[in-house]
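Undergrad: Here it is, the structure, as structure tokens.
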Amino acid sequence: MHSDFTFFCEAFRRRPEEAEGGEAFINPGIFAADLAAFVAEGLTRAGYRVGAPVVEDWGIALDIVHDGGFRLMVGCHSDDFQKPVQHRVFLDPTRPFIRRWFKRIDTRPATEPLSAALEALIRARADITGIEAQSL
């Protein structure tokens, strides 16, 4: 299972409101609204229930609604400190098991299909290049 995808795509750009001083500004060089919209739409089409985007200091978090008893999230991050701009989509949690209140929870029934859906979404788009998939 891959939990981290990096790639290049000119279509995901900084929106005007994400510029420094804008209402959706995250941090210098960091933006993610276009990428998060692409991911949320694609996962929704694949049958996932995606929560509203949450702006974090590293990008945008998309919570995935599920019945697994733990927070499942897809992170979206675009970094224009690098040229060309590099985009990153990652899953959290990345571990196959987590602990909560002395219980061991197997995350794989939720994370493995989500990882496959993300990878299919990214690889299906012809203008995405330089895809690197990693397991963290």
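Order determines the names: the first chain of the structure tokens is A, the second B, and so forth; residues in each chain are numbered 1 upward, and ligands are numbered 1 upward as they are shown.
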Taking only chain A into account, list the residues labelled alpha helix (DSSP H) by DSSP (computed from the backbone), as number ranges by chain.

TA: A: 33-45, 108-124

Undergrad: Extract, using only C-alpha atoms, all DNA, RNA and protein residues at most 10 Å from Thr111 in chain A, discarding same-chain residues fewer than 6 positions from it, and format them as a list of chain:residue names.

TA: A:Met1, A:His2, A:Ser3, A:Gly68, A:Leu72, A:Met73, A:Leu91, A:Asp92, A:Pro93, A:Thr94, A:Arg95, A:Pro96, A:Ala117

Undergrad: Do you know which residues are at most 9 Å from Ala24 in chain A counting only C-alpha atoms, after dropping those on the same chain fewer than 5 positions away, and could you put them as a list in words?

TA: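 Within the cut-off, the hits are Arg15, Pro16, Glu17, Glu18, Ala19, Phe31, Ala33 and Val55 of chain A.
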
Undergrad: With N, CA, C and O atoms kept, could you save the residues just selected as a compact mmCIF listing (two decimals), in the first residue's frame?

TA:
```
# COMPACT_ATOMS: atom_id res chain seq x y z
N ARG A 15 -4.71 29.71 -6.22
CA ARG A 15 -5.87 30.56 -6.44
C ARG A 15 -5.58 31.96 -5.89
O ARG A 15 -4.78 32.11 -4.95
N PRO A 16 -6.22 32.99 -6.43
CA PRO A 16 -5.95 34.36 -5.95
C PRO A 16 -6.14 34.51 -4.43
O PRO A 16 -5.36 35.20 -3.78
N GLU A 17 -7.13 33.85 -3.87
CA GLU A 17 -7.36 33.97 -2.43
C GLU A 17 -6.30 33.25 -1.59
O GLU A 17 -6.23 33.43 -0.38
N GLU A 18 -5.45 32.44 -2.25
CA GLU A 18 -4.37 31.75 -1.54
C GLU A 18 -3.07 32.55 -1.54
O GLU A 18 -2.08 32.12 -0.94
N ALA A 19 -3.05 33.69 -2.21
CA ALA A 19 -1.86 34.53 -2.23
C ALA A 19 -1.66 35.14 -0.85
O ALA A 19 -2.59 35.28 -0.06
N PHE A 31 0.18 26.04 -1.07
CA PHE A 31 -1.21 26.21 -1.47
C PHE A 31 -1.77 24.83 -1.77
O PHE A 31 -1.01 23.88 -1.91
N ALA A 33 -5.76 24.42 -2.70
CA ALA A 33 -7.21 24.41 -2.96
C ALA A 33 -7.57 23.66 -4.24
O ALA A 33 -8.49 22.84 -4.25
N VAL A 55 -8.20 23.84 6.33
CA VAL A 55 -6.90 24.44 6.05
C VAL A 55 -5.98 24.21 7.25
O VAL A 55 -6.33 24.50 8.39
```

Undergrad: Grab the CA of Phe8 in chain A to CA of Glu56 in chain A distance for me, in Å with one decimal place.

TA: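 Straight-line distance from CA of Phe8 in chain A to CA of Glu56 in chain A works out to 21.4 Å.
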
Undergrad: Just want the 6 Å neighbourhood of Ala32 in chain A, counted on only C-alpha atoms, with same-chain residues fewer than 2 positions away dropped. Output as a PyMOL selection string.

TA: chain A and resi 34-36+59+76-78

Undergrad: Any idea what's packed within 12 Å of Pro84 in chain A, counting only C-alpha atoms, ignoring anything in its chain fewer than 5 positions away? Could you give it as a PyMOL selection string?

TA: chain A and resi 7-13+78-79+129-130

Undergrad: Limited to N, CA, C and O atoms, could you put the picked residues into a file as a CSV table (one decimal), in the first residue's frame?

TA:
```csv
chain,number,residue,atom,x,y,z
A,7,PHE,N,4.0,14.4,-7.3
A,7,PHE,CA,3.9,14.4,-8.8
A,7,PHE,C,3.9,15.9,-9.2
A,7,PHE,O,3.9,16.8,-8.4
A,8,PHE,N,3.9,16.1,-10.5
A,8,PHE,CA,3.9,17.4,-11.1
A,8,PHE,C,2.6,17.5,-12.0
A,8,PHE,O,2.2,16.6,-12.7
A,9,CYS,N,2.0,18.7,-12.0
A,9,CYS,CA,0.8,19.0,-12.8
A,9,CYS,C,0.6,20.5,-12.9
A,9,CYS,O,0.4,21.1,-11.9
A,10,GLU,N,0.7,21.1,-14.1
A,10,GLU,CA,0.5,22.5,-14.2
A,10,GLU,C,-0.9,23.0,-14.0
A,10,GLU,O,-1.2,24.1,-13.7
A,11,ALA,N,-1.9,22.1,-14.0
A,11,ALA,CA,-3.3,22.4,-13.8
A,11,ALA,C,-3.6,22.9,-12.4
A,11,ALA,O,-4.6,23.7,-12.2
A,12,PHE,N,-2.9,22.4,-11.4
A,12,PHE,CA,-3.2,22.8,-10.0
A,12,PHE,C,-2.4,24.0,-9.7
A,12,PHE,O,-1.2,24.0,-9.5
A,13,ARG,N,-3.1,25.1,-9.7
A,13,ARG,CA,-2.4,26.4,-9.5
A,13,ARG,C,-2.9,27.1,-8.2
A,13,ARG,O,-3.9,26.8,-7.6
A,78,SER,N,0.7,21.6,-2.1
A,78,SER,CA,1.4,22.0,-3.3
A,78,SER,C,2.5,23.0,-2.8
A,78,SER,O,2.2,23.9,-2.0
A,79,ASP,N,3.7,22.8,-3.3
A,79,ASP,CA,4.8,23.6,-2.9
A,79,ASP,C,5.5,24.3,-4.1
A,79,ASP,O,6.1,23.7,-4.9
A,129,THR,N,2.5,14.2,-14.2
A,129,THR,CA,3.7,13.5,-14.6
A,129,THR,C,4.6,13.3,-13.4
A,129,THR,O,4.4,13.9,-12.3
A,130,GLY,N,5.7,12.5,-13.5
A,130,GLY,CA,6.6,12.3,-12.5
A,130,GLY,C,6.1,11.7,-11.2
A,130,GLY,O,6.5,12.1,-10.1
```

Undergrad: From the set A:Arg14, A:Gly21, A:Gly42, A:Ala61, which residue has the shortest atom-to-atom contact distance to Arg125 in chain A, counting only C-alpha atoms?

TA: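 Checking each of A:Arg14, A:Gly21, A:Gly42, A:Ala61 against Arg125 in chain A, counting only C-alpha atoms, the winner is A:Gly42.
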
Undergrad: Identify which of the residues A:Asp127, A:Phe38, A:Lys83, A:Arg45 lies closest to Leu62 in chain A, counting only C-alpha atoms when measuring atom-to-atom distances.

TA: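 Of the candidates, the smallest distance to Leu62 in chain A is held by A:Phe38.
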
Undergrad: Between CA of Gln134 in chain A and CA of Asp4 in chain A, what is the distance, to one decimal in Å?

TA: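 Atom-to-atom, CA of Gln134 in chain A to CA of Asp4 in chain A, that is 5.1 Å.
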
Undergrad: Which one of A:Phe5, A:Phe25, A:Leu114, A:Ile105 sits closest to Arg49 in chain A if you count only C-alpha atoms?

TA: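 With only C-alpha atoms as the atom set, the closest residue is A:Leu114.
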
Undergrad: Chain A: which residues are strand (DSSP E or B) by DSSP, as an mmCIF file with N, CA, C and O atoms, in the first residue's frame?

TA:
```cif
data_model
loop_
_atom_site.group_PDB
_atom_site.id
_atom_site.type_symbol
_atom_site.label_atom_id
_atom_site.label_comp_id
_atom_site.auth_asym_id
_atom_site.auth_seq_id
_atom_site.Cartn_x
_atom_site.Cartn_y
_atom_site.Cartn_z
ATOM 1 N N ASP A 4 1.831 7.814 0.239
ATOM 2 C CA ASP A 4 2.340 9.143 -0.096
ATOM 3 C C ASP A 4 2.615 9.206 -1.595
ATOM 4 O O ASP A 4 3.327 8.360 -2.127
ATOM 5 N N PHE A 5 2.029 10.201 -2.254
ATOM 6 C CA PHE A 5 2.195 10.370 -3.699
ATOM 7 C C PHE A 5 2.695 11.777 -3.981
ATOM 8 O O PHE A 5 2.108 12.746 -3.498
ATOM 9 N N THR A 6 3.780 11.890 -4.733
ATOM 10 C CA THR A 6 4.243 13.193 -5.198
ATOM 11 C C THR A 6 4.238 13.179 -6.716
ATOM 12 O O THR A 6 4.457 12.137 -7.337
ATOM 13 N N PHE A 7 3.986 14.354 -7.307
ATOM 14 C CA PHE A 7 3.877 14.437 -8.764
ATOM 15 C C PHE A 7 3.894 15.890 -9.204
ATOM 16 O O PHE A 7 3.907 16.804 -8.375
ATOM 17 N N PHE A 8 3.878 16.080 -10.513
ATOM 18 C CA PHE A 8 3.850 17.413 -11.118
ATOM 19 C C PHE A 8 2.610 17.536 -11.994
ATOM 20 O O PHE A 8 2.218 16.576 -12.654
ATOM 21 N N ASN A 27 0.624 29.387 4.028
ATOM 22 C CA ASN A 27 1.988 29.735 4.417
ATOM 23 C C ASN A 27 2.718 30.136 3.148
ATOM 24 O O ASN A 27 2.303 29.737 2.050
ATOM 25 N N ILE A 30 3.090 27.694 -0.006
ATOM 26 C CA ILE A 30 2.202 26.539 0.154
ATOM 27 C C ILE A 30 0.782 26.914 -0.270
ATOM 28 O O ILE A 30 0.256 27.940 0.121
ATOM 29 N N PHE A 31 0.182 26.045 -1.075
ATOM 30 C CA PHE A 31 -1.214 26.212 -1.474
ATOM 31 C C PHE A 31 -1.767 24.834 -1.774
ATOM 32 O O PHE A 31 -1.012 23.876 -1.910
ATOM 33 N N ARG A 49 -17.186 9.287 1.152
ATOM 34 C CA ARG A 49 -17.809 10.483 1.724
ATOM 35 C C ARG A 49 -16.674 11.359 2.248
ATOM 36 O O ARG A 49 -15.976 10.986 3.193
ATOM 37 N N VAL A 50 -16.493 12.498 1.600
ATOM 38 C CA VAL A 50 -15.377 13.389 1.908
ATOM 39 C C VAL A 50 -15.902 14.603 2.663
ATOM 40 O O VAL A 50 -16.845 15.256 2.217
ATOM 41 N N VAL A 54 -10.247 21.308 5.315
ATOM 42 C CA VAL A 54 -9.777 21.998 6.517
ATOM 43 C C VAL A 54 -8.374 22.528 6.226
ATOM 44 O O VAL A 54 -7.470 21.754 5.898
ATOM 45 N N VAL A 55 -8.199 23.838 6.326
ATOM 46 C CA VAL A 55 -6.903 24.443 6.055
ATOM 47 C C VAL A 55 -5.979 24.211 7.250
ATOM 48 O O VAL A 55 -6.332 24.498 8.390
ATOM 49 N N ILE A 60 -4.074 21.323 2.938
ATOM 50 C CA ILE A 60 -5.498 21.113 3.213
ATOM 51 C C ILE A 60 -5.742 19.648 3.558
ATOM 52 O O ILE A 60 -5.258 18.742 2.868
ATOM 53 N N ALA A 61 -6.499 19.432 4.634
ATOM 54 C CA ALA A 61 -6.886 18.093 5.069
ATOM 55 C C ALA A 61 -8.305 17.808 4.601
ATOM 56 O O ALA A 61 -9.186 18.654 4.719
ATOM 57 N N LEU A 62 -8.502 16.598 4.090
ATOM 58 C CA LEU A 62 -9.830 16.118 3.709
ATOM 59 C C LEU A 62 -10.137 14.900 4.571
ATOM 60 O O LEU A 62 -9.503 13.850 4.419
ATOM 61 N N ASP A 63 -11.064 15.042 5.499
ATOM 62 C CA ASP A 63 -11.453 13.899 6.321
ATOM 63 C C ASP A 63 -12.334 12.969 5.497
ATOM 64 O O ASP A 63 -13.221 13.419 4.770
ATOM 65 N N ILE A 64 -12.092 11.680 5.655
ATOM 66 C CA ILE A 64 -12.877 10.653 4.975
ATOM 67 C C ILE A 64 -13.799 10.030 6.011
ATOM 68 O O ILE A 64 -13.332 9.512 7.033
ATOM 69 N N VAL A 65 -15.095 10.098 5.766
ATOM 70 C CA VAL A 65 -16.087 9.554 6.687
ATOM 71 C C VAL A 65 -16.112 8.034 6.508
ATOM 72 O O VAL A 65 -16.258 7.534 5.391
ATOM 73 N N MET A 73 -7.731 10.517 6.979
ATOM 74 C CA MET A 73 -7.567 11.806 6.340
ATOM 75 C C MET A 73 -6.667 11.696 5.117
ATOM 76 O O MET A 73 -5.746 10.885 5.090
ATOM 77 N N VAL A 74 -6.986 12.511 4.112
ATOM 78 C CA VAL A 74 -6.120 12.682 2.953
ATOM 79 C C VAL A 74 -5.597 14.111 3.009
ATOM 80 O O VAL A 74 -6.373 15.060 3.104
ATOM 81 N N GLY A 75 -4.282 14.246 2.970
ATOM 82 C CA GLY A 75 -3.656 15.560 2.972
ATOM 83 C C GLY A 75 -3.280 15.968 1.560
ATOM 84 O O GLY A 75 -2.842 15.142 0.764
ATOM 85 N N CYS A 76 -3.462 17.256 1.248
ATOM 86 C CA CYS A 76 -3.125 17.810 -0.062
ATOM 87 C C CYS A 76 -2.190 18.989 0.151
ATOM 88 O O CYS A 76 -2.470 19.868 0.978
ATOM 89 N N HIS A 77 -1.100 19.012 -0.614
ATOM 90 C CA HIS A 77 -0.062 20.009 -0.407
ATOM 91 C C HIS A 77 0.593 20.329 -1.749
ATOM 92 O O HIS A 77 0.972 19.423 -2.484
ATOM 93 N N SER A 78 0.683 21.593 -2.071
ATOM 94 C CA SER A 78 1.406 22.038 -3.258
ATOM 95 C C SER A 78 2.481 23.007 -2.794
ATOM 96 O O SER A 78 2.234 23.878 -1.957
ATOM 97 N N ASP A 79 3.675 22.848 -3.343
ATOM 98 C CA ASP A 79 4.836 23.606 -2.881
ATOM 99 C C ASP A 79 5.470 24.319 -4.060
ATOM 100 O O ASP A 79 6.066 23.680 -4.921
ATOM 101 N N GLN A 86 5.766 21.115 -7.140
ATOM 102 C CA GLN A 86 5.534 19.711 -6.794
ATOM 103 C C GLN A 86 4.290 19.617 -5.918
ATOM 104 O O GLN A 86 4.083 20.428 -5.019
ATOM 105 N N HIS A 87 3.467 18.619 -6.213
ATOM 106 C CA HIS A 87 2.243 18.372 -5.462
ATOM 107 C C HIS A 87 2.403 17.077 -4.668
ATOM 108 O O HIS A 87 3.098 16.159 -5.099
ATOM 109 N N ARG A 88 1.717 17.026 -3.538
ATOM 110 C CA ARG A 88 1.780 15.839 -2.682
ATOM 111 C C ARG A 88 0.391 15.534 -2.150
ATOM 112 O O ARG A 88 -0.323 16.431 -1.707
ATOM 113 N N VAL A 89 0.033 14.254 -2.190
ATOM 114 C CA VAL A 89 -1.204 13.753 -1.603
ATOM 115 C C VAL A 89 -0.790 12.585 -0.699
ATOM 116 O O VAL A 89 -0.032 11.716 -1.122
ATOM 117 N N PHE A 90 -1.274 12.595 0.536
ATOM 118 C CA PHE A 90 -0.866 11.543 1.468
ATOM 119 C C PHE A 90 -2.021 11.126 2.361
ATOM 120 O O PHE A 90 -2.971 11.873 2.567
ATOM 121 N N LEU A 91 -1.913 9.912 2.870
ATOM 122 C CA LEU A 91 -2.919 9.341 3.774
ATOM 123 C C LEU A 91 -2.449 9.444 5.221
ATOM 124 O O LEU A 91 -1.257 9.395 5.495
ATOM 125 N N ASP A 92 -3.396 9.543 6.107
ATOM 126 C CA ASP A 92 -3.111 9.442 7.520
ATOM 127 C C ASP A 92 -4.276 8.709 8.164
ATOM 128 O O ASP A 92 -5.424 9.111 7.951
ATOM 129 N N PHE A 97 -1.631 -0.543 11.968
ATOM 130 C CA PHE A 97 -2.346 -0.657 13.241
ATOM 131 C C PHE A 97 -2.118 0.617 14.042
ATOM 132 O O PHE A 97 -1.027 1.180 14.023
ATOM 133 N N ILE A 98 -3.150 1.053 14.743
ATOM 134 C CA ILE A 98 -3.006 2.156 15.686
ATOM 135 C C ILE A 98 -3.585 1.712 17.022
ATOM 136 O O ILE A 98 -4.342 0.737 17.085
ATOM 137 N N ARG A 99 -3.239 2.399 18.074
ATOM 138 C CA ARG A 99 -3.770 2.087 19.400
ATOM 139 C C ARG A 99 -4.676 3.215 19.852
ATOM 140 O O ARG A 99 -4.366 4.382 19.683
ATOM 141 N N ARG A 100 -5.811 2.839 20.415
ATOM 142 C CA ARG A 100 -6.734 3.810 20.985
ATOM 143 C C ARG A 100 -7.365 3.173 22.212
ATOM 144 O O ARG A 100 -8.023 2.140 22.106
ATOM 145 N N LYS A 103 -6.877 -0.410 22.868
ATOM 146 C CA LYS A 103 -7.330 -1.296 21.788
ATOM 147 C C LYS A 103 -6.393 -1.147 20.612
ATOM 148 O O LYS A 103 -5.903 -0.062 20.331
ATOM 149 N N ARG A 104 -6.174 -2.217 19.927
ATOM 150 C CA ARG A 104 -5.383 -2.209 18.705
ATOM 151 C C ARG A 104 -6.366 -2.208 17.535
ATOM 152 O O ARG A 104 -7.197 -3.110 17.419
ATOM 153 N N ILE A 105 -6.288 -1.178 16.691
ATOM 154 C CA ILE A 105 -7.220 -1.041 15.574
ATOM 155 C C ILE A 105 -6.468 -1.271 14.263
ATOM 156 O O ILE A 105 -5.451 -0.636 13.996
ATOM 157 N N ASP A 106 -6.978 -2.180 13.465
ATOM 158 C CA ASP A 106 -6.420 -2.467 12.146
ATOM 159 C C ASP A 106 -6.915 -1.395 11.171
ATOM 160 O O ASP A 106 -8.118 -1.303 10.906
ATOM 161 N N THR A 129 2.474 14.154 -14.219
ATOM 162 C CA THR A 129 3.734 13.493 -14.585
ATOM 163 C C THR A 129 4.607 13.303 -13.352
ATOM 164 O O THR A 129 4.357 13.890 -12.299
ATOM 165 N N GLY A 130 5.653 12.517 -13.518
ATOM 166 C CA GLY A 130 6.643 12.328 -12.457
ATOM 167 C C GLY A 130 6.087 11.738 -11.179
ATOM 168 O O GLY A 130 6.529 12.088 -10.085
ATOM 169 N N ILE A 131 5.140 10.818 -11.306
ATOM 170 C CA ILE A 131 4.480 10.260 -10.117
ATOM 171 C C ILE A 131 5.453 9.370 -9.349
ATOM 172 O O ILE A 131 6.074 8.472 -9.912
ATOM 173 N N GLU A 132 5.581 9.646 -8.064
ATOM 174 C CA GLU A 132 6.340 8.791 -7.169
ATOM 175 C C GLU A 132 5.415 8.368 -6.043
ATOM 176 O O GLU A 132 4.783 9.213 -5.396
ATOM 177 N N ALA A 133 5.286 7.072 -5.848
ATOM 178 C CA ALA A 133 4.429 6.537 -4.792
ATOM 179 C C ALA A 133 5.320 5.879 -3.749
ATOM 180 O O ALA A 133 6.215 5.103 -4.102
ATOM 181 N N GLN A 134 5.083 6.220 -2.490
ATOM 182 C CA GLN A 134 5.901 5.674 -1.408
ATOM 183 C C GLN A 134 5.019 5.147 -0.288
ATOM 184 O O GLN A 134 3.892 5.594 -0.115
#
```

Undergrad: CA of Arg123 in chain A to CA of Val39 in chain A: how many Å, to one decimal?

TA: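 Taking CA of Arg123 in chain A and CA of Val39 in chain A, their separation equals 12.2 Å.
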